[in-house]
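Reproduced below: query-v2.tsv, with TSV, C-alpha atoms.
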```
chain	number	residue	atom	x	y	z
A	17	MET	CA	-8.56	-13.69	-28.05
A	18	THR	CA	-8.73	-13.36	-24.28
A	19	ASN	CA	-10.05	-10.23	-22.76
A	20	HIS	CA	-7.01	-8.70	-21.02
A	21	ASN	CA	-9.07	-7.24	-18.20
A	22	GLU	CA	-10.54	-10.67	-17.45
A	23	LEU	CA	-7.08	-12.18	-17.18
A	24	GLU	CA	-5.80	-9.30	-15.05
A	25	ASN	CA	-8.78	-9.63	-12.71
A	26	LEU	CA	-8.33	-13.37	-12.50
A	27	LEU	CA	-4.65	-13.10	-11.60
A	28	SER	CA	-5.33	-10.51	-8.93
A	29	ALA	CA	-8.16	-12.61	-7.49
A	30	VAL	CA	-5.98	-15.73	-7.38
A	31	THR	CA	-3.14	-13.82	-5.71
A	32	ASP	CA	-5.42	-12.25	-3.10
A	33	ALA	CA	-6.97	-15.64	-2.34
A	34	LEU	CA	-3.59	-17.35	-1.94
A	35	LEU	CA	-2.25	-14.57	0.26
A	36	ALA	CA	-5.34	-14.79	2.45
A	37	ASP	CA	-5.36	-18.58	2.66
A	38	ASP	CA	-2.64	-21.05	1.60
A	39	HIS	CA	-5.29	-23.68	0.86
A	40	ALA	CA	-7.61	-21.48	-1.16
A	41	ASN	CA	-9.54	-23.25	-3.90
A	42	ILE	CA	-7.84	-21.79	-6.95
A	43	ASP	CA	-9.78	-23.88	-9.47
A	44	GLN	CA	-13.02	-22.41	-8.23
A	45	ILE	CA	-11.70	-18.90	-8.78
A	46	VAL	CA	-10.32	-19.71	-12.23
A	47	ASN	CA	-13.69	-21.17	-13.28
A	48	ARG	CA	-15.39	-17.87	-12.54
A	49	TYR	CA	-13.54	-16.14	-15.37
A	50	ALA	CA	-13.92	-16.65	-19.09
A	51	VAL	CA	-10.24	-17.27	-19.69
A	52	PRO	CA	-8.88	-20.44	-21.34
A	53	ARG	CA	-7.07	-22.64	-18.84
A	54	SER	CA	-4.03	-22.98	-21.07
A	55	GLU	CA	-3.45	-19.22	-20.76
A	56	VAL	CA	-3.84	-19.21	-17.00
A	57	GLU	CA	-1.98	-22.26	-15.75
A	58	GLY	CA	1.59	-21.08	-16.27
A	59	LEU	CA	0.87	-17.72	-14.67
A	60	VAL	CA	-0.97	-19.19	-11.70
A	61	GLY	CA	2.02	-21.47	-11.23
A	62	ILE	CA	4.26	-18.38	-11.02
A	63	VAL	CA	1.90	-16.81	-8.48
A	64	ARG	CA	2.11	-19.96	-6.33
A	65	LYS	CA	5.91	-19.96	-6.52
A	66	LEU	CA	6.06	-16.28	-5.62
A	67	HIS	CA	3.86	-16.95	-2.62
A	68	LEU	CA	6.13	-19.78	-1.47
A	69	THR	CA	9.38	-17.96	-2.16
A	70	LEU	CA	8.79	-14.39	-1.00
A	71	ILE	CA	8.48	-15.04	2.68
A	72	GLY	CA	8.81	-12.08	4.98
A	73	ALA	CA	11.71	-11.78	7.40
A	74	LYS	CA	10.55	-10.58	10.77
A	75	PRO	CA	12.53	-7.98	12.70
A	76	SER	CA	13.88	-9.15	16.05
A	77	ARG	CA	11.81	-8.21	19.08
A	78	ARG	CA	14.92	-6.64	20.61
A	79	PHE	CA	15.27	-4.27	17.67
A	80	VAL	CA	11.56	-3.37	17.70
A	81	ASN	CA	11.66	-2.60	21.42
A	82	ARG	CA	14.92	-0.66	21.22
A	83	LEU	CA	13.66	1.51	18.36
A	84	ARG	CA	10.37	2.04	20.16
A	85	SER	CA	12.09	3.35	23.28
A	86	ASP	CA	14.41	5.38	21.08
A	87	LEU	CA	11.40	7.05	19.46
A	88	MET	CA	9.22	7.34	22.52
A	89	GLY	CA	11.85	8.16	25.10
A	90	ALA	CA	13.50	11.39	26.01
A	91	ASN	CA	15.45	11.25	22.79
A	92	ARG	CA	12.78	12.96	20.76
A	93	ALA	CA	14.59	16.26	20.65
A	94	ASN	CA	18.03	14.71	20.70
A	95	ILE	CA	19.83	16.20	17.73
A	96	VAL	CA	22.57	13.56	17.81
A	97	ASN	CA	20.00	10.83	17.23
A	98	ARG	CA	18.45	12.69	14.35
A	99	VAL	CA	21.82	13.28	12.72
A	100	ARG	CA	22.74	9.61	13.20
A	101	TYR	CA	20.06	8.52	10.78
A	102	LEU	CA	20.84	11.05	8.06
A	103	PRO	CA	22.67	9.86	4.91
A	104	PRO	CA	26.50	9.96	5.31
A	105	ARG	CA	26.91	12.83	2.84
A	106	VAL	CA	24.49	14.97	4.81
A	107	GLN	CA	26.27	14.07	8.06
A	108	ILE	CA	29.62	15.14	6.58
A	109	ALA	CA	28.11	18.39	5.25
A	110	ALA	CA	26.58	19.09	8.68
A	111	GLY	CA	29.95	18.45	10.36
A	112	ILE	CA	31.79	20.76	7.94
A	113	ALA	CA	29.16	23.48	8.39
A	114	LEU	CA	29.47	23.17	12.17
A	115	VAL	CA	33.28	23.45	12.15
A	116	ALA	CA	33.21	26.31	9.60
A	117	GLY	CA	30.66	28.19	11.72
A	118	PHE	CA	32.77	27.72	14.83
A	119	LEU	CA	35.92	28.95	13.05
A	120	LEU	CA	34.07	31.93	11.61
A	121	LEU	CA	32.78	32.97	15.03
A	122	ASN	CA	36.21	32.54	16.57
A	123	ARG	CA	37.88	34.52	13.81
A	124	ARG	CA	35.42	37.32	14.25
A	125	ARG	CA	36.06	37.37	17.98
A	126	LEU	CA	39.84	37.44	17.42
A	127	ILE	CA	39.52	40.31	14.94
A	128	GLU	CA	37.35	42.26	17.37
A	129	ASP	CA	39.86	41.64	20.19
A	130	ALA	CA	42.76	42.79	18.01
A	131	HIS	CA	40.79	45.86	17.00
A	132	ARG	CA	40.02	46.67	20.64
A	133	ASP	CA	43.68	46.19	21.62
A	134	ALA	CA	44.76	48.47	18.81
A	135	GLN	CA	42.42	51.16	20.13
A	136	GLU	CA	43.48	50.70	23.75
A	137	VAL	CA	47.27	50.97	23.15
A	138	PRO	CA	47.26	54.58	21.87
A	139	ALA	CA	44.97	55.53	24.74
A	140	LEU	CA	47.43	54.06	27.25
A	141	GLN	CA	50.35	55.76	25.55
A	142	GLN	CA	48.67	59.13	26.01
B	25	MET	CA	-11.26	17.92	47.78
B	26	ASN	CA	-11.36	16.17	44.56
B	27	ILE	CA	-9.58	12.95	45.47
B	28	PHE	CA	-12.80	11.03	44.83
B	29	ARG	CA	-13.29	12.50	41.44
B	30	ARG	CA	-12.72	9.93	38.76
B	31	LYS	CA	-9.94	10.56	36.35
B	32	PRO	CA	-11.24	10.88	32.80
B	33	LYS	CA	-10.84	7.54	31.11
B	34	GLN	CA	-8.03	7.39	28.55
B	35	PRO	CA	-9.37	6.44	25.13
B	36	ASP	CA	-8.14	3.09	23.81
B	37	LEU	CA	-5.78	4.29	21.12
B	38	THR	CA	-5.32	0.85	19.61
B	39	ARG	CA	-8.91	0.92	18.38
B	40	LEU	CA	-8.47	4.12	16.44
B	41	GLU	CA	-8.02	4.20	12.68
B	42	ASP	CA	-4.86	5.61	11.12
B	43	PRO	CA	-6.21	9.12	10.25
B	44	GLU	CA	-7.37	9.67	13.84
B	45	LEU	CA	-4.08	8.37	15.24
B	46	VAL	CA	-2.08	10.57	12.89
B	47	LEU	CA	-3.95	13.64	14.12
B	48	LEU	CA	-3.27	12.67	17.74
B	49	ALA	CA	0.33	11.74	17.00
B	50	LYS	CA	1.16	15.31	16.11
B	51	ASP	CA	1.42	16.02	19.83
B	52	ASN	CA	0.95	12.64	21.48
B	53	GLN	CA	3.85	10.21	21.52
B	54	GLN	CA	1.63	7.31	22.56
B	55	ALA	CA	-0.42	7.67	19.40
B	56	PHE	CA	2.74	7.59	17.34
B	57	GLY	CA	3.74	4.48	19.29
B	58	ILE	CA	0.58	2.70	18.14
B	59	LEU	CA	1.25	3.64	14.53
B	60	TYR	CA	4.81	2.41	14.97
B	61	GLU	CA	3.67	-0.98	16.29
B	62	ARG	CA	1.19	-1.23	13.43
B	63	TYR	CA	3.74	-0.73	10.67
B	64	VAL	CA	7.24	-1.53	11.92
B	65	GLU	CA	7.11	-5.16	10.81
B	66	LYS	CA	5.73	-4.40	7.35
B	67	ILE	CA	8.28	-1.66	6.71
B	68	TYR	CA	11.11	-3.85	7.98
B	69	LYS	CA	10.12	-6.77	5.72
B	70	TYR	CA	9.91	-4.49	2.70
B	71	ILE	CA	13.30	-2.90	3.40
B	72	TYR	CA	14.88	-6.27	4.10
B	73	TYR	CA	13.95	-7.52	0.64
B	74	ARG	CA	15.22	-4.31	-0.94
B	75	THR	CA	18.58	-4.32	0.87
B	76	GLY	CA	19.24	-8.03	1.40
B	77	ASN	CA	20.61	-7.87	4.93
B	78	HIS	CA	19.29	-7.47	8.44
B	79	GLN	CA	21.73	-4.81	9.62
B	80	ASP	CA	20.87	-2.33	6.88
B	81	ALA	CA	17.19	-3.22	7.15
B	82	GLU	CA	17.31	-2.27	10.86
B	83	ASP	CA	19.18	0.99	10.22
B	84	LEU	CA	16.85	2.05	7.42
B	85	THR	CA	13.71	1.04	9.31
B	86	ALA	CA	14.89	3.20	12.21
B	87	ALA	CA	15.55	6.05	9.78
B	88	VAL	CA	12.03	5.73	8.31
B	89	PHE	CA	10.35	6.07	11.69
B	90	HIS	CA	12.65	8.85	12.87
B	91	ARG	CA	11.86	10.77	9.71
B	92	ALA	CA	8.14	10.05	10.00
B	93	MET	CA	8.15	11.26	13.60
B	94	ALA	CA	10.06	14.41	12.71
B	95	HIS	CA	7.65	15.28	9.88
B	96	ILE	CA	4.32	14.03	11.16
B	97	GLU	CA	3.39	17.56	12.25
B	98	ASN	CA	3.44	18.64	8.62
B	99	TYR	CA	1.78	15.50	7.23
B	100	THR	CA	-1.75	15.92	5.92
B	101	GLU	CA	-3.60	13.09	4.27
B	102	ARG	CA	-4.17	14.49	0.79
B	103	GLY	CA	-4.86	11.30	-1.09
B	104	VAL	CA	-1.80	9.63	0.40
B	105	PRO	CA	-2.74	7.54	3.45
B	106	PHE	CA	-0.27	7.21	6.31
B	107	GLN	CA	0.76	3.71	5.26
B	108	ALA	CA	1.58	4.84	1.71
B	109	TRP	CA	3.46	7.84	3.13
B	110	LEU	CA	5.62	5.53	5.25
B	111	TYR	CA	6.36	3.25	2.28
B	112	ARG	CA	7.31	6.25	0.18
B	113	ILE	CA	9.76	7.37	2.87
B	114	ALA	CA	11.14	3.82	2.96
B	115	HIS	CA	11.43	3.72	-0.82
B	116	ASN	CA	13.33	7.03	-0.92
B	117	LEU	CA	15.71	5.98	1.84
B	118	VAL	CA	16.40	2.64	0.14
B	119	ALA	CA	17.01	4.44	-3.17
B	120	ASN	CA	19.49	6.79	-1.41
B	121	TRP	CA	21.12	3.79	0.23
B	122	HIS	CA	21.68	2.13	-3.15
B	123	ARG	CA	22.95	5.38	-4.65
B	124	ASP	CA	25.36	6.02	-1.77
B	125	ARG	CA	26.76	2.54	-2.07
B	126	GLY	CA	27.19	3.08	-5.79
B	127	ARG	CA	27.32	-0.55	-6.59
B	128	ARG	CA	25.08	-3.35	-7.67
B	129	LYS	CA	23.61	-5.27	-4.83
B	130	ILE	CA	24.35	-8.97	-4.45
B	131	ILE	CA	21.36	-10.64	-2.89
B	132	PRO	CA	22.19	-13.54	-0.56
B	133	LEU	CA	20.05	-16.15	-2.22
B	134	GLU	CA	19.92	-18.78	0.47
B	135	GLU	CA	18.52	-16.35	3.01
B	136	PHE	CA	15.65	-15.44	0.74
B	137	ILE	CA	14.60	-18.95	-0.11
B	138	GLY	CA	11.86	-19.94	2.22
B	139	PRO	CA	11.63	-23.19	4.16
B	140	ASP	CA	11.68	-26.46	2.26
B	141	LEU	CA	8.37	-27.86	1.23
B	142	HIS	CA	7.59	-31.26	2.63
B	143	PHE	CA	8.37	-33.38	-0.35
B	144	ASP	CA	9.43	-36.95	0.05
B	145	SER	CA	12.61	-37.26	-1.93
B	146	PRO	CA	15.72	-35.10	-1.52
B	147	ASP	CA	15.81	-34.79	-5.31
B	148	THR	CA	12.46	-33.07	-5.30
B	149	VAL	CA	13.60	-30.71	-2.54
B	150	ALA	CA	16.72	-29.82	-4.52
B	151	GLU	CA	14.66	-29.31	-7.65
B	152	ASP	CA	12.27	-27.09	-5.77
B	153	LYS	CA	15.14	-24.98	-4.42
B	154	GLU	CA	16.52	-24.62	-7.91
B	155	GLU	CA	13.14	-23.44	-9.15
B	156	ARG	CA	12.94	-20.85	-6.43
B	157	LYS	CA	16.47	-19.71	-7.21
B	158	ALA	CA	15.45	-19.30	-10.83
B	159	LEU	CA	12.46	-17.25	-9.73
B	160	LEU	CA	14.60	-14.96	-7.57
B	161	THR	CA	17.01	-14.54	-10.44
B	162	ALA	CA	14.12	-13.53	-12.67
B	163	ILE	CA	12.78	-11.09	-10.06
B	164	ALA	CA	16.18	-9.45	-9.72
B	165	ARG	CA	16.23	-8.82	-13.47
B	166	LEU	CA	12.92	-6.97	-13.42
B	167	PRO	CA	12.79	-3.17	-13.50
B	168	GLU	CA	12.75	-1.65	-10.04
B	169	GLU	CA	9.07	-0.71	-10.05
B	170	ARG	CA	8.02	-4.27	-10.85
B	171	GLN	CA	10.22	-5.66	-8.10
B	172	GLN	CA	8.67	-3.16	-5.73
B	173	LEU	CA	5.20	-4.27	-6.81
B	174	LEU	CA	6.01	-7.93	-6.05
B	175	TYR	CA	7.51	-7.14	-2.63
B	176	LEU	CA	4.56	-4.93	-1.71
B	177	LYS	CA	2.08	-7.64	-2.72
B	178	PHE	CA	3.77	-10.78	-1.47
B	179	VAL	CA	6.01	-9.60	1.37
B	180	SER	CA	3.93	-6.74	2.75
B	181	ASN	CA	0.66	-8.41	1.77
B	182	LEU	CA	-0.92	-5.25	0.38
B	183	SER	CA	-3.94	-5.03	-1.91
B	184	ASN	CA	-3.76	-3.57	-5.43
B	185	ALA	CA	-5.42	-0.39	-4.17
B	186	GLU	CA	-2.82	0.01	-1.40
B	187	VAL	CA	0.04	-0.70	-3.80
B	188	GLY	CA	-1.46	1.92	-6.14
B	189	GLU	CA	-1.40	4.52	-3.38
B	190	ILE	CA	2.29	3.87	-2.79
B	191	LEU	CA	3.34	3.76	-6.43
B	192	ASP	CA	1.01	6.63	-7.31
B	193	ARG	CA	-0.97	4.63	-9.86
B	194	THR	CA	-4.57	3.57	-10.21
B	195	GLU	CA	-5.75	0.14	-9.09
B	196	GLY	CA	-6.36	-0.78	-12.75
B	197	ALA	CA	-2.81	0.22	-13.68
B	198	ILE	CA	-1.45	-1.96	-10.87
B	199	LYS	CA	-3.46	-4.95	-12.10
B	200	SER	CA	-2.11	-4.44	-15.57
B	201	LEU	CA	1.47	-4.00	-14.32
B	202	TYR	CA	1.12	-7.15	-12.24
B	203	HIS	CA	-0.06	-9.12	-15.27
B	204	ARG	CA	2.90	-7.90	-17.33
B	205	THR	CA	5.26	-8.68	-14.47
B	206	LEU	CA	4.03	-12.28	-14.27
B	207	LEU	CA	4.43	-12.67	-18.04
B	208	ALA	CA	8.00	-11.34	-17.83
B	209	LEU	CA	8.81	-13.73	-14.99
B	210	ARG	CA	7.37	-16.68	-16.89
B	211	ASP	CA	9.39	-15.83	-20.01
B	212	ASP	CA	12.59	-15.34	-18.01
B	213	ILE	CA	12.20	-18.64	-16.17
B	214	GLU	CA	11.52	-20.44	-19.45
B	215	MET	CA	14.69	-18.93	-20.88
B	216	GLN	CA	16.65	-20.05	-17.83
B	217	HIS	CA	15.33	-23.58	-18.29
B	218	THR	CA	16.45	-23.67	-21.90
B	219	ARG	CA	19.92	-22.70	-20.72
B	220	VAL	CA	20.12	-25.46	-18.11
B	221	GLY	CA	23.52	-27.05	-18.14
B	222	ALA	CA	25.31	-23.82	-18.93
B	223	PRO	CA	28.30	-23.53	-16.54
B	224	GLY	CA	27.97	-21.08	-13.67
B	225	ARG	CA	24.81	-19.15	-13.13
B	226	ALA	CA	25.16	-15.38	-12.98
B	227	PRO	CA	24.90	-13.92	-9.47
B	228	ILE	CA	21.67	-12.22	-8.61
B	229	THR	CA	22.03	-8.52	-8.78
B	230	GLU	CA	19.65	-5.68	-8.48
B	231	THR	CA	19.90	-3.21	-11.28
B	232	ASN	CA	18.59	0.26	-10.95
B	233	ARG	CA	16.66	0.11	-14.14
B	234	THR	CA	13.43	2.03	-14.02
B	235	GLU	CA	10.12	1.16	-15.50
B	236	GLY	CA	9.89	2.55	-18.98
B	237	SER	CA	6.14	2.73	-19.21
```
Please express the file's structure as structure tokens.
Amino acid sequence: MTNHNELENLLSAVTDALLADDHANIDQIVNRYAVPRSEVEGLVGIVRKLHLTLIGAKPSRRFVNRLRSDLMGANRANIVNRVRYLPPRVQIAAGIALVAGFLLLNRRRLIEDAHRDAQEVPALQQ
Amino acid sequence: MNIFRRKPKQPDLTRLEDPELVLLAKDNQQAFGILYERYVEKIYKYIYYRTGNHQDAEDLTAAVFHRAMAHIENYTERGVPFQAWLYRIAHNLVANWHRDRGRRKIIPLEEFIGPDLHFDSPDTVAEDKEERKALLTAIARLPEERQQLLYLKFVSNLSNAEVGEILDRTEGAIKSLYHRTLLALRDDIEMQHTRVGAPGRAPITETNRTEGS
């Protein structure tokens, strides 16, 4: 029965070595651990395939520069930019809150005006 | 007259470690700029693999750094280094992105398959591509946390300790999870091989299953 920790350590060591150097001597690493080869080979094969398949996609330089100037420029306090990157639901909620607030303020102003007019008319009539 | 007085020399920010830069970045945009340059590529690569397209990867990467910049004043390193904090923001934004879309993601396979290896015969190249397709299919069937582990290790090139900081697990737990992930991949690929010849392979989809353990 293989010690699980040994196998876990071996797999991590092999992965780290491959990620650091494509031509790493894997056999040498495997020999350092007391794990039967038959148990290791299939898994090391998967590690190799993962290393070959999961290749990073680099961002374009244009994007990196544009985002940099976006972050570093005068846009720091720009509320529009901050809202732009919020999830759509939050953007919609913010928009509704903004419109509702505006309507509420306007309504209040209209009520106050009407109230003032109502007070002024009797005064004029006198 | 102090025109001959030397201006105090600006410290070379690029030489500073993350914790020092984070402290400076609270009120120094240049310091944040260095942190940005240090991590933008890693975060982009990670998000790209989680979303499957460049446009969304760009939008979400921008969102990560805007959010980080907005909250860096409140960030204190309490066991979560800056890098792990950034990845956690990225993870949350990607999770929201998937939830908002409300559908299973179809991963464009061909884009993810790396360059051909230099084998001699076209048959071998085709076989190799098929193997990598099978691997990607198996990865897509893994629970989300295991997929995340693989992307953090192989795409972002992070150590077990760093992955542990992001996933909030110990280094030992990450080693164990990695071992189990490799076993699951091996079993899945073997099952795919036994089914060779079956008409039409299922499209690769990302499920939102979560790790049970």
Axis-aligned box for all listed atoms of segment 20-36 of chain A, 8 Å per side, centre and edges in Å to one decimal, as lines of an AutoDock Vina configuration file:
```
center_x = -6.4
center_y = -12.3
center_z = -9.3
size_x = 24.3
size_y = 26.1
size_z = 39.5
```
**Message:** I'd like the contact shell of Leu27 of chain A - 8 Å cut-off, only C-alpha atoms, skipping same-chain residues fewer than 4 positions apart - returned as a ChimeraX atom specification.
**Reply:** /A:23,31,59-60 /B:203
Pairwise distance, atom CA of His67 of chain A with atom CA of Asp38 of chain A, equals 8.8 Å
**Message:** So that I can check the surroundings of segment 56-61 of chain B, please list as a ChimeraX atom specification every protein, DNA and RNA residue that reaches within 10 Å of it, counting all atoms listed in the file and ignoring chain neighbours fewer than 5 positions away.
**Reply:** /A:80-81,83-85,87-88 /B:37-42,45-51,66-67,89,92-93,96,106-107
Rounded to one decimal place, report the atom CA of Ile213 of chain B-atom CA of Ala162 of chain B distance in Å.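 These two atoms are separated by 6.5 Å.
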